[in-house]
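One file, entry.pdb, is given below (PDB, C-alpha atoms and all ligand atoms).
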MODEL        1
ATOM      1  CA  MET G   3    -170.111-156.190  40.859  1.00  0.00           C
ATOM      2  CA  ALA G   4    -171.592-153.071  39.224  1.00  0.00           C
ATOM      3  CA  HIS G   5    -174.419-151.356  41.061  1.00  0.00           C
ATOM      4  CA  HIS G   6    -177.306-150.211  38.832  1.00  0.00           C
ATOM      5  CA  PRO G   7    -179.637-147.884  40.711  1.00  0.00           C
ATOM      6  CA  GLY G   8    -183.257-148.398  39.729  1.00  0.00           C
ATOM      7  CA  ALA G   9    -185.501-145.874  37.993  1.00  0.00           C
ATOM      8  CA  GLY G  10    -186.480-143.003  40.238  1.00  0.00           C
ATOM      9  CA  THR G  11    -183.539-143.517  42.573  1.00  0.00           C
ATOM     10  CA  GLU G  12    -182.318-140.160  43.892  1.00  0.00           C
ATOM     11  CA  MET G  13    -178.683-139.695  42.951  1.00  0.00           C
ATOM     12  CA  THR G  14    -176.192-136.921  43.481  1.00  0.00           C
ATOM     13  CA  PRO G  15    -174.177-135.900  40.384  1.00  0.00           C
ATOM     14  CA  GLU G  16    -171.174-137.650  41.939  1.00  0.00           C
ATOM     15  CA  GLN G  17    -173.127-140.900  42.376  1.00  0.00           C
ATOM     16  CA  GLY G  18    -174.378-140.500  38.794  1.00  0.00           C
ATOM     17  CA  LYS G  19    -170.804-140.260  37.496  1.00  0.00           C
ATOM     18  CA  GLN G  20    -169.690-143.277  39.509  1.00  0.00           C
ATOM     19  CA  ALA G  21    -172.661-145.395  38.425  1.00  0.00           C
ATOM     20  CA  SER G  22    -172.036-144.591  34.742  1.00  0.00           C
ATOM     21  CA  ALA G  23    -168.340-145.392  35.046  1.00  0.00           C
ATOM     22  CA  GLU G  24    -169.083-148.742  36.699  1.00  0.00           C
ATOM     23  CA  ARG G  25    -171.572-149.655  33.979  1.00  0.00           C
ATOM     24  CA  ALA G  26    -169.036-148.824  31.244  1.00  0.00           C
ATOM     25  CA  LEU G  27    -166.683-151.483  32.644  1.00  0.00           C
ATOM     26  CA  GLU G  28    -169.090-154.075  31.200  1.00  0.00           C
ATOM     27  CA  PHE G  29    -167.990-152.987  27.700  1.00  0.00           C
ATOM     28  CA  VAL G  30    -164.306-153.729  28.309  1.00  0.00           C
ATOM     29  CA  GLN G  31    -163.195-156.858  26.474  1.00  0.00           C
ATOM     30  CA  ASP G  32    -160.624-159.295  27.838  1.00  0.00           C
ATOM     31  CA  ASP G  33    -157.082-158.822  26.522  1.00  0.00           C
ATOM     32  CA  SER G  34    -157.935-155.460  24.930  1.00  0.00           C
ATOM     33  CA  VAL G  35    -156.309-152.034  24.929  1.00  0.00           C
ATOM     34  CA  VAL G  36    -158.903-149.528  26.166  1.00  0.00           C
ATOM     35  CA  GLY G  37    -159.108-145.886  25.080  1.00  0.00           C
ATOM     36  CA  VAL G  38    -159.427-143.719  28.183  1.00  0.00           C
ATOM     37  CA  GLY G  39    -160.746-140.137  28.318  1.00  0.00           C
ATOM     38  CA  THR G  40    -160.205-137.426  30.918  1.00  0.00           C
ATOM     39  CA  GLY G  41    -162.100-135.929  33.850  1.00  0.00           C
ATOM     40  CA  SER G  42    -163.738-136.727  37.159  1.00  0.00           C
ATOM     41  CA  THR G  43    -166.184-139.268  35.658  1.00  0.00           C
ATOM     42  CA  VAL G  44    -163.369-141.056  33.854  1.00  0.00           C
ATOM     43  CA  ALA G  45    -161.393-141.113  37.118  1.00  0.00           C
ATOM     44  CA  TYR G  46    -164.043-143.530  38.462  1.00  0.00           C
ATOM     45  CA  PHE G  47    -163.710-145.616  35.291  1.00  0.00           C
ATOM     46  CA  ILE G  48    -159.935-145.773  35.742  1.00  0.00           C
ATOM     47  CA  GLN G  49    -160.454-146.987  39.326  1.00  0.00           C
ATOM     48  CA  GLY G  50    -162.594-149.796  37.929  1.00  0.00           C
ATOM     49  CA  LEU G  51    -160.016-150.633  35.253  1.00  0.00           C
ATOM     50  CA  GLY G  52    -157.494-150.948  38.064  1.00  0.00           C
ATOM     51  CA  ARG G  53    -159.610-153.736  39.592  1.00  0.00           C
ATOM     52  CA  MET G  54    -159.601-155.655  36.298  1.00  0.00           C
ATOM     53  CA  LYS G  55    -156.090-154.780  35.121  1.00  0.00           C
ATOM     54  CA  ASP G  56    -155.048-158.427  34.884  1.00  0.00           C
ATOM     55  CA  ARG G  57    -157.739-158.974  32.231  1.00  0.00           C
ATOM     56  CA  ILE G  58    -156.628-156.174  29.864  1.00  0.00           C
ATOM     57  CA  GLN G  59    -153.419-155.384  28.021  1.00  0.00           C
ATOM     58  CA  GLY G  60    -153.555-151.721  29.000  1.00  0.00           C
ATOM     59  CA  ALA G  61    -154.818-148.327  27.889  1.00  0.00           C
ATOM     60  CA  VAL G  62    -154.309-145.462  25.477  1.00  0.00           C
ATOM     61  CA  SER G  63    -154.664-142.227  27.430  1.00  0.00           C
ATOM     62  CA  SER G  64    -156.087-138.860  26.334  1.00  0.00           C
ATOM     63  CA  SER G  65    -154.154-136.717  28.846  1.00  0.00           C
ATOM     64  CA  GLU G  66    -151.200-136.509  31.199  1.00  0.00           C
ATOM     65  CA  GLN G  67    -153.747-136.446  34.040  1.00  0.00           C
ATOM     66  CA  SER G  68    -155.287-139.790  33.041  1.00  0.00           C
ATOM     67  CA  THR G  69    -151.874-141.280  32.267  1.00  0.00           C
ATOM     68  CA  LYS G  70    -150.799-140.513  35.844  1.00  0.00           C
ATOM     69  CA  LEU G  71    -153.921-142.170  37.309  1.00  0.00           C
ATOM     70  CA  LEU G  72    -153.507-145.223  35.064  1.00  0.00           C
ATOM     71  CA  LYS G  73    -149.834-145.661  35.907  1.00  0.00           C
ATOM     72  CA  GLU G  74    -150.463-145.243  39.644  1.00  0.00           C
ATOM     73  CA  LEU G  75    -152.745-148.289  39.390  1.00  0.00           C
ATOM     74  CA  GLY G  76    -150.167-150.278  37.436  1.00  0.00           C
ATOM     75  CA  ILE G  77    -152.076-150.170  34.134  1.00  0.00           C
ATOM     76  CA  PRO G  78    -149.692-150.069  31.126  1.00  0.00           C
ATOM     77  CA  VAL G  79    -150.187-146.991  28.902  1.00  0.00           C
ATOM     78  CA  PHE G  80    -149.549-147.372  25.181  1.00  0.00           C
ATOM     79  CA  ASP G  81    -148.915-144.943  22.327  1.00  0.00           C
ATOM     80  CA  LEU G  82    -151.828-144.897  19.863  1.00  0.00           C
ATOM     81  CA  ASN G  83    -149.339-145.196  16.995  1.00  0.00           C
ATOM     82  CA  ALA G  84    -148.267-148.545  18.398  1.00  0.00           C
ATOM     83  CA  THR G  85    -151.714-150.027  19.014  1.00  0.00           C
ATOM     84  CA  GLY G  86    -153.611-149.191  15.823  1.00  0.00           C
ATOM     85  CA  PRO G  87    -157.423-148.805  15.988  1.00  0.00           C
ATOM     86  CA  LEU G  88    -159.065-149.505  19.350  1.00  0.00           C
ATOM     87  CA  GLU G  89    -162.233-151.448  20.058  1.00  0.00           C
ATOM     88  CA  LEU G  90    -163.491-149.150  22.824  1.00  0.00           C
ATOM     89  CA  TYR G  91    -163.103-145.529  23.948  1.00  0.00           C
ATOM     90  CA  VAL G  92    -164.712-144.390  27.215  1.00  0.00           C
ATOM     91  CA  ASP G  93    -164.957-140.705  28.078  1.00  0.00           C
ATOM     92  CA  GLY G  94    -167.138-138.145  29.838  1.00  0.00           C
ATOM     93  CA  ALA G  95    -168.661-134.952  28.440  1.00  0.00           C
ATOM     94  CA  ASP G  96    -169.675-131.466  29.469  1.00  0.00           C
ATOM     95  CA  GLU G  97    -172.940-131.614  27.501  1.00  0.00           C
ATOM     96  CA  CYS G  98    -174.806-134.298  25.600  1.00  0.00           C
ATOM     97  CA  ASP G  99    -177.799-133.787  23.286  1.00  0.00           C
ATOM     98  CA  PRO G 100    -180.479-136.369  22.342  1.00  0.00           C
ATOM     99  CA  HIS G 101    -178.424-137.395  19.246  1.00  0.00           C
ATOM    100  CA  ASN G 102    -175.345-138.223  21.382  1.00  0.00           C
ATOM    101  CA  ARG G 103    -173.587-135.116  20.072  1.00  0.00           C
ATOM    102  CA  LEU G 104    -171.343-133.617  22.713  1.00  0.00           C
ATOM    103  CA  ILE G 105    -169.479-130.602  23.967  1.00  0.00           C
ATOM    104  CA  LYS G 106    -166.176-131.669  25.506  1.00  0.00           C
ATOM    105  CA  GLY G 107    -162.961-130.014  26.585  1.00  0.00           C
ATOM    106  CA  GLY G 108    -163.860-128.580  29.989  1.00  0.00           C
ATOM    107  CA  GLY G 109    -160.658-130.292  31.114  1.00  0.00           C
ATOM    108  CA  ALA G 110    -158.711-128.973  28.079  1.00  0.00           C
ATOM    109  CA  ALA G 111    -157.983-132.486  26.775  1.00  0.00           C
ATOM    110  CA  LEU G 112    -160.263-132.196  23.723  1.00  0.00           C
ATOM    111  CA  THR G 113    -157.684-132.762  20.974  1.00  0.00           C
ATOM    112  CA  ARG G 114    -156.292-136.063  22.229  1.00  0.00           C
ATOM    113  CA  GLU G 115    -159.849-137.093  23.196  1.00  0.00           C
ATOM    114  CA  LYS G 116    -161.086-136.464  19.656  1.00  0.00           C
ATOM    115  CA  ILE G 117    -158.153-138.349  18.159  1.00  0.00           C
ATOM    116  CA  ILE G 118    -158.780-141.452  20.273  1.00  0.00           C
ATOM    117  CA  ALA G 119    -162.550-141.266  19.651  1.00  0.00           C
ATOM    118  CA  ALA G 120    -161.845-141.133  15.903  1.00  0.00           C
ATOM    119  CA  ALA G 121    -159.516-144.134  16.153  1.00  0.00           C
ATOM    120  CA  SER G 122    -161.999-146.282  18.114  1.00  0.00           C
ATOM    121  CA  ARG G 123    -164.789-148.536  16.896  1.00  0.00           C
ATOM    122  CA  GLN G 124    -167.100-147.779  19.819  1.00  0.00           C
ATOM    123  CA  PHE G 125    -167.241-144.530  21.813  1.00  0.00           C
ATOM    124  CA  VAL G 126    -169.107-144.980  25.107  1.00  0.00           C
ATOM    125  CA  CYS G 127    -169.852-141.657  26.815  1.00  0.00           C
ATOM    126  CA  ILE G 128    -170.343-141.697  30.588  1.00  0.00           C
ATOM    127  CA  VAL G 129    -172.192-138.808  32.241  1.00  0.00           C
ATOM    128  CA  ASP G 130    -174.390-137.901  35.146  1.00  0.00           C
ATOM    129  CA  PRO G 131    -177.911-136.777  34.188  1.00  0.00           C
ATOM    130  CA  SER G 132    -177.074-133.065  34.694  1.00  0.00           C
ATOM    131  CA  LYS G 133    -175.042-133.190  31.447  1.00  0.00           C
ATOM    132  CA  LEU G 134    -178.070-134.006  29.273  1.00  0.00           C
ATOM    133  CA  VAL G 135    -179.445-131.029  27.329  1.00  0.00           C
ATOM    134  CA  PRO G 136    -182.089-130.722  24.575  1.00  0.00           C
ATOM    135  CA  VAL G 137    -179.795-128.453  22.500  1.00  0.00           C
ATOM    136  CA  LEU G 138    -176.016-127.971  22.776  1.00  0.00           C
ATOM    137  CA  GLY G 139    -174.701-124.554  23.769  1.00  0.00           C
ATOM    138  CA  ARG G 140    -175.295-123.822  27.428  1.00  0.00           C
ATOM    139  CA  PHE G 141    -171.712-124.927  28.139  1.00  0.00           C
ATOM    140  CA  PRO G 142    -169.124-122.776  26.287  1.00  0.00           C
ATOM    141  CA  VAL G 143    -167.440-124.538  23.350  1.00  0.00           C
ATOM    142  CA  PRO G 144    -163.675-124.959  23.981  1.00  0.00           C
ATOM    143  CA  VAL G 145    -161.418-124.302  20.998  1.00  0.00           C
ATOM    144  CA  GLU G 146    -157.736-125.297  21.166  1.00  0.00           C
ATOM    145  CA  VAL G 147    -155.556-122.775  19.298  1.00  0.00           C
ATOM    146  CA  ILE G 148    -151.898-122.386  18.403  1.00  0.00           C
ATOM    147  CA  PRO G 149    -150.814-119.602  20.825  1.00  0.00           C
ATOM    148  CA  MET G 150    -149.715-117.083  18.148  1.00  0.00           C
ATOM    149  CA  ALA G 151    -153.110-117.416  16.431  1.00  0.00           C
ATOM    150  CA  ARG G 152    -155.222-116.630  19.516  1.00  0.00           C
ATOM    151  CA  SER G 153    -156.347-113.111  18.510  1.00  0.00           C
ATOM    152  CA  HIS G 154    -156.831-114.035  14.861  1.00  0.00           C
ATOM    153  CA  VAL G 155    -158.985-117.050  15.754  1.00  0.00           C
ATOM    154  CA  ALA G 156    -160.970-114.981  18.281  1.00  0.00           C
ATOM    155  CA  ARG G 157    -161.817-112.384  15.596  1.00  0.00           C
ATOM    156  CA  GLN G 158    -162.988-115.107  13.204  1.00  0.00           C
ATOM    157  CA  ILE G 159    -165.159-116.642  15.922  1.00  0.00           C
ATOM    158  CA  VAL G 160    -166.804-113.260  16.587  1.00  0.00           C
ATOM    159  CA  LYS G 161    -167.658-113.127  12.855  1.00  0.00           C
ATOM    160  CA  LEU G 162    -169.371-116.521  13.306  1.00  0.00           C
ATOM    161  CA  GLY G 163    -171.493-115.036  16.105  1.00  0.00           C
ATOM    162  CA  GLY G 164    -169.637-116.432  19.144  1.00  0.00           C
ATOM    163  CA  ASP G 165    -168.163-114.682  22.150  1.00  0.00           C
ATOM    164  CA  PRO G 166    -164.644-116.129  22.721  1.00  0.00           C
ATOM    165  CA  VAL G 167    -162.971-115.882  26.136  1.00  0.00           C
ATOM    166  CA  TRP G 168    -159.304-116.857  26.551  1.00  0.00           C
ATOM    167  CA  ARG G 169    -158.860-119.476  29.312  1.00  0.00           C
ATOM    168  CA  GLU G 170    -155.809-117.576  30.512  1.00  0.00           C
ATOM    169  CA  GLY G 171    -153.224-119.659  32.343  1.00  0.00           C
ATOM    170  CA  THR G 172    -154.333-122.961  30.793  1.00  0.00           C
ATOM    171  CA  VAL G 173    -151.779-124.669  28.547  1.00  0.00           C
ATOM    172  CA  THR G 174    -152.917-127.911  26.931  1.00  0.00           C
ATOM    173  CA  ASP G 175    -150.868-131.117  26.938  1.00  0.00           C
ATOM    174  CA  ASN G 176    -149.966-130.158  23.351  1.00  0.00           C
ATOM    175  CA  GLY G 177    -148.570-126.757  24.421  1.00  0.00           C
ATOM    176  CA  ASN G 178    -151.527-124.775  23.060  1.00  0.00           C
ATOM    177  CA  TRP G 179    -154.157-122.392  24.455  1.00  0.00           C
ATOM    178  CA  ILE G 180    -157.940-122.585  24.845  1.00  0.00           C
ATOM    179  CA  LEU G 181    -160.662-120.129  23.824  1.00  0.00           C
ATOM    180  CA  ASP G 182    -164.069-120.812  25.424  1.00  0.00           C
ATOM    181  CA  VAL G 183    -166.849-119.643  23.143  1.00  0.00           C
ATOM    182  CA  HIS G 184    -169.948-118.367  24.963  1.00  0.00           C
ATOM    183  CA  ASN G 185    -173.405-117.255  23.897  1.00  0.00           C
ATOM    184  CA  TRP G 186    -173.779-119.371  20.819  1.00  0.00           C
ATOM    185  CA  SER G 187    -177.059-120.597  19.496  1.00  0.00           C
ATOM    186  CA  ILE G 188    -175.915-123.900  17.983  1.00  0.00           C
ATOM    187  CA  THR G 189    -178.519-124.867  15.391  1.00  0.00           C
ATOM    188  CA  ASP G 190    -176.243-127.135  13.315  1.00  0.00           C
ATOM    189  CA  PRO G 191    -173.408-128.609  15.440  1.00  0.00           C
ATOM    190  CA  VAL G 192    -171.911-130.612  12.545  1.00  0.00           C
ATOM    191  CA  ALA G 193    -171.612-127.496  10.345  1.00  0.00           C
ATOM    192  CA  LEU G 194    -170.246-125.382  13.200  1.00  0.00           C
ATOM    193  CA  GLU G 195    -167.661-128.046  14.105  1.00  0.00           C
ATOM    194  CA  SER G 196    -166.447-128.014  10.534  1.00  0.00           C
ATOM    195  CA  ARG G 197    -166.433-124.173  10.248  1.00  0.00           C
ATOM    196  CA  LEU G 198    -164.369-123.866  13.412  1.00  0.00           C
ATOM    197  CA  ASN G 199    -161.877-126.449  12.185  1.00  0.00           C
ATOM    198  CA  ALA G 200    -161.450-124.434   8.981  1.00  0.00           C
ATOM    199  CA  ILE G 201    -160.104-121.335  10.813  1.00  0.00           C
ATOM    200  CA  VAL G 202    -156.330-121.179  10.415  1.00  0.00           C
ATOM    201  CA  GLY G 203    -154.715-121.595  13.821  1.00  0.00           C
ATOM    202  CA  VAL G 204    -157.436-123.832  15.272  1.00  0.00           C
ATOM    203  CA  VAL G 205    -156.100-127.218  16.350  1.00  0.00           C
ATOM    204  CA  THR G 206    -159.493-128.678  17.189  1.00  0.00           C
ATOM    205  CA  ASN G 207    -162.775-127.768  18.854  1.00  0.00           C
ATOM    206  CA  GLY G 208    -164.897-129.347  21.567  1.00  0.00           C
ATOM    207  CA  LEU G 209    -167.944-130.117  19.418  1.00  0.00           C
ATOM    208  CA  PHE G 210    -168.149-133.888  18.956  1.00  0.00           C
ATOM    209  CA  ALA G 211    -170.928-133.856  16.377  1.00  0.00           C
ATOM    210  CA  ALA G 212    -169.514-135.311  13.152  1.00  0.00           C
ATOM    211  CA  ARG G 213    -168.476-138.320  15.243  1.00  0.00           C
ATOM    212  CA  PRO G 214    -170.948-138.436  18.159  1.00  0.00           C
ATOM    213  CA  ALA G 215    -170.826-141.007  20.940  1.00  0.00           C
ATOM    214  CA  ASP G 216    -172.143-144.423  19.917  1.00  0.00           C
ATOM    215  CA  LEU G 217    -173.724-144.977  23.289  1.00  0.00           C
ATOM    216  CA  VAL G 218    -174.433-142.779  26.315  1.00  0.00           C
ATOM    217  CA  ILE G 219    -174.605-144.074  29.873  1.00  0.00           C
ATOM    218  CA  THR G 220    -176.279-141.645  32.214  1.00  0.00           C
ATOM    219  CA  GLY G 221    -176.486-142.289  35.942  1.00  0.00           C
ATOM    220  CA  GLY G 222    -175.661-145.946  35.279  1.00  0.00           C
ATOM    221  CA  GLU G 223    -178.476-146.454  32.739  1.00  0.00           C
ATOM    222  CA  ILE G 224    -177.798-147.037  29.040  1.00  0.00           C
ATOM    223  CA  ARG G 225    -179.744-144.403  27.121  1.00  0.00           C
ATOM    224  CA  ALA G 226    -181.785-145.945  24.330  1.00  0.00           C
TER
HETATM  225  O1  LIG W 301    -163.974-133.252  28.002  1.00  0.00           O
HETATM  226  C1  LIG W 301    -163.493-133.481  29.081  1.00  0.00           C
HETATM  227  C2  LIG W 301    -162.094-133.118  29.423  1.00  0.00           C
HETATM  228  O2  LIG W 301    -161.475-132.407  28.381  1.00  0.00           O
HETATM  229  C3  LIG W 301    -164.310-134.148  30.141  1.00  0.00           C
HETATM  230  O3  LIG W 301    -164.819-135.328  29.632  1.00  0.00           O
HETATM  231  C4  LIG W 301    -165.446-133.237  30.517  1.00  0.00           C
HETATM  232  O4  LIG W 301    -164.922-131.985  30.925  1.00  0.00           O
HETATM  233  C5  LIG W 301    -166.299-133.845  31.641  1.00  0.00           C
HETATM  234  O5  LIG W 301    -165.536-133.911  32.823  1.00  0.00           O
HETATM  235  P1  LIG W 301    -166.143-134.449  34.173  1.00  0.00           P
HETATM  236  O6  LIG W 301    -166.318-135.918  34.033  1.00  0.00           O
HETATM  237  O7  LIG W 301    -165.112-134.066  35.203  1.00  0.00           O
HETATM  238  O8  LIG W 301    -167.453-133.739  34.419  1.00  0.00           O
ENDMDL
END
Would you mind writing the file out in structure tokens?
Amino acid sequence: MAHHPGAGTEMTPEQGKQASAERALEFVQDDSVVGVGTGSTVAYFIQGLGRMKDRIQGAVSSSEQSTKLLKELGIPVFDLNATGPLELYVDGADECDPHNRLIKGGGAALTREKIIAAASRQFVCIVDPSKLVPVLGRFPVPVEVIPMARSHVARQIVKLGGDPVWREGTVTDNGNWILDVHNWSITDPVALESRLNAIVGVVTNGLFAARPADLVITGGEIRA
């Protein structure tokens, strides 16, 4: 049974993540294939899916990390090409603005996350209240790049006013690298998402603005 802390209840960020993940389980339909994101909040959601695994067909996973957790619990993991569009995608975020626009990719899984979000009818974002911001941009925007294009993309990002820092040592599940873009005043996230995507060598970027979350659960409460 999901636990919904009441208004004013003091919660640690960890309890906030767990409460949001538990609440998201209510959106899982019987006999469905569920899109599953990546991160510590999603890890709680996967635990919950494990408890109801007999009621679902399985999952489509956004990362090797989530695939491992799903398989450890005996939840079948499917290829998105085999399932077609999904009813539900559940994922966390690094930042969330009042319009449900997000920055994601702290865990470097942004490309597969964006693909599954795009292929799903409903994107439910699960966060703890510390992720809510009035304006996106405190958290650096991750940009996944083809390795040979790293310097070229970084120079183009500087021209757009950002301060790119190579996340050295991180290789994405797709074999690419990450630039984290700091010190950006993001006035129009939809336009910036599109400008970044237009730089040759960029695979994708962590702004989820053109396709924001449909619903945000924060600390277990559905945000109106
Ligand atoms: O975008 C992500 C991974 O690429 C995660 O959703 C984001 O980093 C939030 O993670 P956590 O739930 O651990 O705070």
Report task. To verify the selection step, state as a PyMOL selection string which residues the PyMOL selection byres (((chain G and resi 126) around 7) and not hetatm) yields on this input. Result -> chain G and resi 91-93+124-125+127-128+215-218
Query - Surrounding residues of G:Phe47 excluding itself and chain neighbours under 2 positions, 9 Å, only C-alpha atoms, as a PyMOL selection string - result: chain G and resi 20+22-27+38+43-45+49-52+92-93
Per-axis box centre and lengths in Å around ligand LIG 301 (chain W), 8 Å margin per side, axis-aligned, as AutoDock Vina command-line options:
--center_x -164.5 --center_y -134.0 --center_z 31.6 --size_x 22.0 --size_y 19.9 --size_z 23.2
Report task. Could you check how far atom CA of G:Ile188 sits from atom CA of G:Gly222, in Å to one decimal? Result ->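 Separation of atom CA of G:Ile188 and atom CA of G:Gly222: 28.0 Å.
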Report task. Compute the set of protein, DNA and RNA residues whose minimum atom distance to ligand LIG 301 (chain W) is at most 8 Å, using all atoms listed in the file, and state it as an MDAnalysis selection string. Result -> chainID G and resid 19 39:45 93:96 105:112 115 128:129 208
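With all atoms listed in the file as the basis for measurement, G:Leu134 is the residue among G:Leu75, G:Ile118, G:Val30, G:Leu134 that approaches G:Gly221 most closely.
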Requested in this report: Point out the residue among G:Asn207, G:Thr69, G:Asn178, G:Thr85 with the least atom-to-atom distance to G:Val192, counting only C-alpha atoms.
Outcome: G:Asn207
Report task. Quick one: apply the PyMOL selection byres (((chain G and resi 138) around 10) and not hetatm) to the file and drop the selected residues here as a list in words. Result ->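 Applied to this file, the PyMOL selection byres (((chain G and resi 138) around 10) and not hetatm) returns Asp96, Glu97, Cys98, Asp99, Pro100, Arg103, Leu104, Ile105, Leu134, Val135, Pro136, Val137, Gly139, Arg140, Phe141, Pro142, Val143, Trp186, Ser187, Ile188, Thr189, Asp190, Pro191 and Leu209 of chain G.
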**Report entry** Picked residues, the PyMOL selection byres (((chain G and resi 32) around 10) and not hetatm), expected as a list in words
**Finding:**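 What the PyMOL selection byres (((chain G and resi 32) around 10) and not hetatm) grabs from the file is Phe29, Val30, Gln31, Asp33, Ser34, Val35, Met54, Lys55, Asp56, Arg57, Ile58 and Gln59 of chain G.
Of the listed residues (G:Arg53, G:His184, G:Arg114, G:Lys133), G:Arg114 comes nearest to G:Ser68; the distances count all atoms listed in the file.
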Query raised in the report: For G:Gln158, which residue out of G:Arg197, G:His101, G:Lys70, G:Arg225 is the nearest one, using only C-alpha atoms?
Result: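 Of the candidates, the smallest distance to G:Gln158 is held by G:Arg197.
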Can I get C-alpha atoms for stretch 54-85 of chain G, as an mmCIF file, in the first residue's frame?
data_model
loop_
_atom_site.group_PDB
_atom_site.id
_atom_site.type_symbol
_atom_site.label_atom_id
_atom_site.label_comp_id
_atom_site.auth_asym_id
_atom_site.auth_seq_id
_atom_site.Cartn_x
_atom_site.Cartn_y
_atom_site.Cartn_z
ATOM 1 C CA MET G 54 3.837 -6.155 -8.884
ATOM 2 C CA LYS G 55 5.808 -7.962 -11.592
ATOM 3 C CA ASP G 56 3.135 -10.627 -12.034
ATOM 4 C CA ARG G 57 0.676 -7.915 -13.120
ATOM 5 C CA ILE G 58 2.835 -6.429 -15.915
ATOM 6 C CA GLN G 59 4.402 -7.814 -19.070
ATOM 7 C CA GLY G 60 7.716 -6.098 -18.385
ATOM 8 C CA ALA G 61 9.676 -2.921 -19.020
ATOM 9 C CA VAL G 62 11.606 -0.922 -21.584
ATOM 10 C CA SER G 63 14.748 0.387 -19.906
ATOM 11 C CA SER G 64 16.619 3.668 -20.452
ATOM 12 C CA SER G 65 20.037 2.440 -19.252
ATOM 13 C CA GLU G 66 22.240 -0.548 -18.529
ATOM 14 C CA GLN G 67 21.986 0.431 -14.849
ATOM 15 C CA SER G 68 18.180 0.177 -14.808
ATOM 16 C CA THR G 69 18.234 -2.962 -16.955
ATOM 17 C CA LYS G 70 20.423 -4.646 -14.325
ATOM 18 C CA LEU G 71 18.053 -3.658 -11.488
ATOM 19 C CA LEU G 72 15.004 -4.812 -13.463
ATOM 20 C CA LYS G 73 16.540 -8.161 -14.365
ATOM 21 C CA GLU G 74 17.713 -8.782 -10.791
ATOM 22 C CA LEU G 75 14.044 -8.570 -9.769
ATOM 23 C CA GLY G 76 12.952 -10.918 -12.547
ATOM 24 C CA ILE G 77 11.207 -8.224 -14.611
ATOM 25 C CA PRO G 78 11.476 -8.931 -18.375
ATOM 26 C CA VAL G 79 13.187 -6.116 -20.327
ATOM 27 C CA PHE G 80 12.054 -5.489 -23.894
ATOM 28 C CA ASP G 81 13.541 -3.664 -26.877
ATOM 29 C CA LEU G 82 11.539 -0.531 -27.734
ATOM 30 C CA ASN G 83 11.560 -1.582 -31.396
ATOM 31 C CA ALA G 84 9.637 -4.692 -30.417
ATOM 32 C CA THR G 85 7.018 -3.060 -28.195
#
